[in-house]
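Enquirer: Submitted below is the structure of interest, expressed as structure tokens.
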Amino acid sequence: MGKYENLAKEIVKNVGGKENVISLTHCITRLRFKLKDEGKANDDVLKNMDGVVTVMKSGGQYQVVIGNHVPDVYGDVMPLLGLEEASHDQEKEKPSGNLFNRFIDVISGIFQPILGIMAACGMVKGLNALFVAMNLYSDTCGGYLVLNAIGDGLFNFLPLFLGYTAAKKFHLKPMLGLVIGAIMCYPTIQASALSSGGDVLYTLFTGTMFESNVYTDFFGIPLIAMNYTGTVIPVIFVVYFASKCEKFFNKYIPDLVKFFFVPMLTLLAAIPVGLLLIGPLATFASTLIAEGVMTVRNFSPMLAGAIVGLTWQILVIFGLHWGFIPVYINNIMTNGFDNVMMPFFACTFATSAVVLAIFFKTKDKQMKEMALPNCISGIFGVTEPAIYGILLPLKKPFIISCIAGGIGGGFYGAFNFRKFMMGGMGIFEFPSMIEPDGSMGNLIVAVSGAVITMVIAFVATMVLYKEDQVDTAVLECGKAKADTDFDVENSAVEIKTGEKKDDLLKRVEVASPMKGKVLKLEAVQDAAFSSGVLGKGAAILPEEGNVFAPADGVVSTLFPTLHALGLETEDGVEILIHIGLDTVQLEGEGFEAMVKQGDHVKKGQLLVKFDREFIMNKGFCMETPVIITNTDDFLDVIESGKEQVDPLEKLLEILR
């Protein structure tokens, strides 16, 4: 329980106890209970409770208005009720941003819960290899086997963990995602097991790079096998497909038999599609990439090495790097060395150096705590925690690491860098790079490439990477003049600002986020807003379906239903824009976010689009409060007095 434990207990007690609660969600300011009997709730006690603003009843919901810290109170109330979370985790999340950002969000969300343990396992695996290299014990003793199991367990059965986390991300029952991951790791369906235990039935795509031996089929449909243990993309796509199947079956299966029929039919639909289609497509994509690299290498080893180094981490994200493994093994077994795949070796050190630079540059305590162990894990050869937990979410460092890896890969390609035996990861691969005759030329190339790559990656990150920070300039409202040109299609408004002069009082202007009729806040048809207990401000009856940023700042809150958002400006002003009243009940229908929570935005940037006619036809009031939620931090909040506003015209003036 958190710091609102006592308040949570009193709220639960005075809504009639947990046995009177059917469900609980929360929006940006209030707890929204569905009660069996609202008559059992003690309205007056709740209204006078320290920490509760007021109580409202609307749309079949018993609403306890809390204020900005409602997520924390909600987090303390939920364990007392014994209900499954139904707000942030299970509200419909609407994708926002471009395709790349949405992809990053999905991947980060899936990997975030296991990043810490991934880094821990990678460090154990690396230390185990180090101690063997130092002859502290052999790789055949029991101690090595146990430590190797600790280090390798998560990576070997990665689909189980990703099945669970992907299920939560895609709103599939988590246990169902776990089962899908277990099925993907089931021993007898792996390519290695099928190829060693049976005869080839026939061969598909003979004479092409996609030639595949078929050892079994699924009721006559050829099953092109692959090894799924340790893979990433197949299980994520299968779980995504399963989430759609579950939603479909939930809609049509009678409630009486849903408990077991929905998961059964979901598995029967998703697993065959995964094994027959998704897995083979991933295999073919890997093969295509490997063949492409071989073709380039025949033309220019340096260029091929640069391509491998540049794209390796991208391939890791998609799980397509496995296409190089057969090439790598075949080269070592037949030629006694591999020089095709090995340029990827630079990426290990590029990743580690970028993360190390972030450790020195960041002021974020949590980021520092993540960076150092991920750097160590990367040096030991396990880069996934750093990629998924730090580089991808920050984007620019990921690009820097790819470029540095490409430069290092080009260096390795140009000097015909080779590895002579399998085994080892990261720095523990160096012994495998000593030439069979004992000469050290190839090892010198290996170390030189690693050092060059790390220096480039570290320096580039220190110079080019800057943590997102809002400027410290103050928006003072003296005799400033602003001309604005609107361009909704480009999702922004161009601002041209003239000279600013200091006033005796510091004044901060909050512009109107939309076009429409201005209403007094006390006229709003919602007591939580009209009473002013949530803060001073104004309301707008919108005439268009666009919400623009009223000032430069950070999107501090964007509720999954997209009906409300909070913005913290550069001046420390906390603005709440609540589009319509009770529109949280639409669960995101009619709204489209153009930004995401945590984004830094400029004044005039388009934040949200909404379908005004759709919302009104659903019976919801479109009065849109614009509230300064930290009103008490300032001397006063003054309305502009205008009856009609266009976007970015002055709506409020704050005295400080």
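Labeling convention for the structure tokens: chains A, B, ... as they appear, residues from 1 per chain, ligands from 1 in order of appearance.
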Taking only residues of range 230-330 of chain A that have an atom at most 12 Å from an atom of range 171-195 of chain A, what is each one's shortest atom pair and its distance in Å to one decimal, using only C-alpha atoms, in chain and number order, as CSV?

Expert:
```
residue,atom,partner,partner_atom,distance
A:Gly230,CA,A:Cys185,CA,8.6
A:Thr231,CA,A:Met184,CA,9.4
A:Val232,CA,A:Gly181,CA,10.2
A:Ile233,CA,A:Gly181,CA,11.5
A:Pro234,CA,A:Met184,CA,8.5
A:Val235,CA,A:Gly181,CA,6.3
A:Ile236,CA,A:Gly181,CA,9.1
A:Phe237,CA,A:Ile180,CA,10.9
A:Val238,CA,A:Ile180,CA,7.8
A:Val239,CA,A:Gly177,CA,6.1
A:Tyr240,CA,A:Leu172,CA,8.2
A:Phe241,CA,A:Leu172,CA,9.8
A:Ala242,CA,A:Leu172,CA,7.4
A:Ser243,CA,A:Leu172,CA,4.9
A:Lys244,CA,A:Leu172,CA,8.4
A:Cys245,CA,A:Leu172,CA,9.5
A:Glu246,CA,A:Leu172,CA,7.2
A:Lys247,CA,A:Leu172,CA,8.4
A:Phe248,CA,A:Leu172,CA,11.8
A:Asn250,CA,A:Leu172,CA,11.3
A:Phe259,CA,A:Lys173,CA,11.7
A:Phe260,CA,A:Leu176,CA,11.4
A:Val262,CA,A:Leu176,CA,10.4
A:Pro263,CA,A:Leu176,CA,7.1
A:Met264,CA,A:Leu176,CA,9.7
A:Leu265,CA,A:Leu176,CA,11.5
A:Thr266,CA,A:Leu176,CA,8.9
A:Leu267,CA,A:Ile180,CA,7.5
A:Leu268,CA,A:Ile180,CA,10.7
A:Ala269,CA,A:Ile180,CA,11.5
A:Ala270,CA,A:Ile180,CA,8.6
A:Ile271,CA,A:Ile180,CA,7.3
A:Pro272,CA,A:Met184,CA,10.8
A:Val273,CA,A:Met184,CA,12.0
A:Gly274,CA,A:Met184,CA,8.7
A:Leu275,CA,A:Met184,CA,8.2
A:Leu276,CA,A:Ile189,CA,11.5
A:Ile278,CA,A:Met184,CA,11.5
A:Gly279,CA,A:Met184,CA,9.8
A:Pro280,CA,A:Ala191,CA,11.2
A:Thr283,CA,A:Ala191,CA,11.3
```

Enquirer: Could you produce a table of the residues of range 518-557 of chain A lying within 8 Å of range 640-653 of chain A, with the nearest pair of atoms per residue and their separation in Å rounded to one decimal, using only C-alpha atoms, ordered by chain and increasing residue number, as a tab-separated table?

Expert:
```
residue	atom	partner	partner_atom	distance
A:Val518	CA	A:Glu643	CA	5.0
A:Leu519	CA	A:Glu643	CA	7.4
A:Gly537	CA	A:Leu652	CA	7.0
A:Ala538	CA	A:Leu652	CA	7.7
A:Phe548	CA	A:Pro647	CA	7.0
A:Pro550	CA	A:Leu648	CA	6.2
```

Enquirer: Save out the residues we just selected, N, CA and C atoms, as a PDB file, in the first residue's frame.

Expert:
```pdb
ATOM      1  N   VAL A 518     -16.630  30.952 -25.255  1.00  0.00           N
ATOM      2  CA  VAL A 518     -16.053  30.892 -23.916  1.00  0.00           C
ATOM      3  C   VAL A 518     -17.162  30.931 -22.881  1.00  0.00           C
ATOM      4  N   LEU A 519     -17.085  30.024 -21.908  1.00  0.00           N
ATOM      5  CA  LEU A 519     -18.055  29.953 -20.821  1.00  0.00           C
ATOM      6  C   LEU A 519     -17.357  30.220 -19.500  1.00  0.00           C
ATOM      7  N   GLY A 537     -10.158  28.571 -13.908  1.00  0.00           N
ATOM      8  CA  GLY A 537      -9.983  28.453 -15.347  1.00  0.00           C
ATOM      9  C   GLY A 537     -11.198  28.949 -16.090  1.00  0.00           C
ATOM     10  N   ALA A 538     -11.440  28.376 -17.239  1.00  0.00           N
ATOM     11  CA  ALA A 538     -12.591  28.723 -18.065  1.00  0.00           C
ATOM     12  C   ALA A 538     -13.020  27.463 -18.800  1.00  0.00           C
ATOM     13  N   PHE A 548      -5.243  22.202 -29.530  1.00  0.00           N
ATOM     14  CA  PHE A 548      -3.856  22.623 -29.726  1.00  0.00           C
ATOM     15  C   PHE A 548      -3.193  22.870 -28.371  1.00  0.00           C
ATOM     16  N   PRO A 550      -1.721  24.911 -25.613  1.00  0.00           N
ATOM     17  CA  PRO A 550      -1.874  26.332 -25.265  1.00  0.00           C
ATOM     18  C   PRO A 550      -0.566  27.002 -24.874  1.00  0.00           C
TER      19      PRO A 550
END
```

Enquirer: Skip range 400-409 of chain A itself and residues of its chain fewer than 6 positions away, then list as a list in words all residues within 6 Å of it, counting only C-alpha atoms.

Expert: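 Near neighbours after the sequence-gap exclusion: Gly305, Ala306, Gly309, Leu310, Pro343, Ala346, Cys347, Ala350, Thr351, Gly449, Thr453 and Ala457 of chain A.
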
Enquirer: Contacts of Met421 in chain A at 8 Å or less, counting only C-alpha atoms, minus same-chain residues fewer than 3 places along, as a list in words?

Expert: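 Once the adjacent positions are removed, what remains is Ile332, Gly336, Phe337, Ser432 and Met433 of chain A.
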
Enquirer: From a DSSP pass on the backbone, collect the residues of range 177-253 of chain A flagged as strand (DSSP E or B) and hand them back as a ChimeraX atom specification.

Expert: /A:202-204,212-214,217-218,221-222

Enquirer: Of the candidates A:Met49, A:Ala129, A:Ile317, A:Met118, which one gets nearest to Leu7 in chain A if we count only C-alpha atoms?

Expert: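 Result for the nearest residue to Leu7 in chain A: A:Met49.
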
Enquirer: So that I can see what lies close to Glu568 in chain A, please list as a PyMOL selection string the residues with an atom at most 12 Å from it, counting only C-alpha atoms and leaving out residues fewer than 4 positions away in the same chain.

Expert: chain A and resi 470+510+549-558+572-577+597-603+627-630

Enquirer: What's the 7 Å shell around range 293-302 of chain A, counting only C-alpha atoms, without same-chain residues fewer than 5 positions away, as a VMD selection string?

Expert: chain A and resid 410 to 411 413 to 414

Enquirer: Mind checking which residues fall within 10 Å of Lys396 in chain A, counting only C-alpha atoms, ignoring those fewer than 5 positions away in the same chain, and posting them as a VMD selection string?

Expert: chain A and resid 391 401 to 402 461 464 to 466

Enquirer: Running DSSP on the backbone, which parts of range 180-350 of chain A land in alpha helix (DSSP H), as an MDAnalysis selection string?

Expert: chainID A and resid 180:184 191:197 233:252 258:273 279:299 301:318 325:335 345:350

Enquirer: A:Glu570, A:Glu5, A:Glu384, A:Asp582: which is nearest Glu509 in chain A, counting only C-alpha atoms?

Expert: A:Glu570

Enquirer: Quick check, in Å to one decimal: how far apart do CA of Ser512 in chain A and CA of Val626 in chain A lie?

Expert: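 CA of Val626 in chain A lies 8.4 Å from CA of Ser512 in chain A.
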
Enquirer: What is the distance, in Å and to one decimal place, between CA of Val459 in chain A and CA of Ser352 in chain A?

Expert: 12.5 Å

Enquirer: Using only C-alpha atoms, pick whichever of A:Ile579, A:Leu607, A:Ala539, A:Met342 has the shortest atom-to-atom distance to Leu567 in chain A.

Expert: A:Leu607
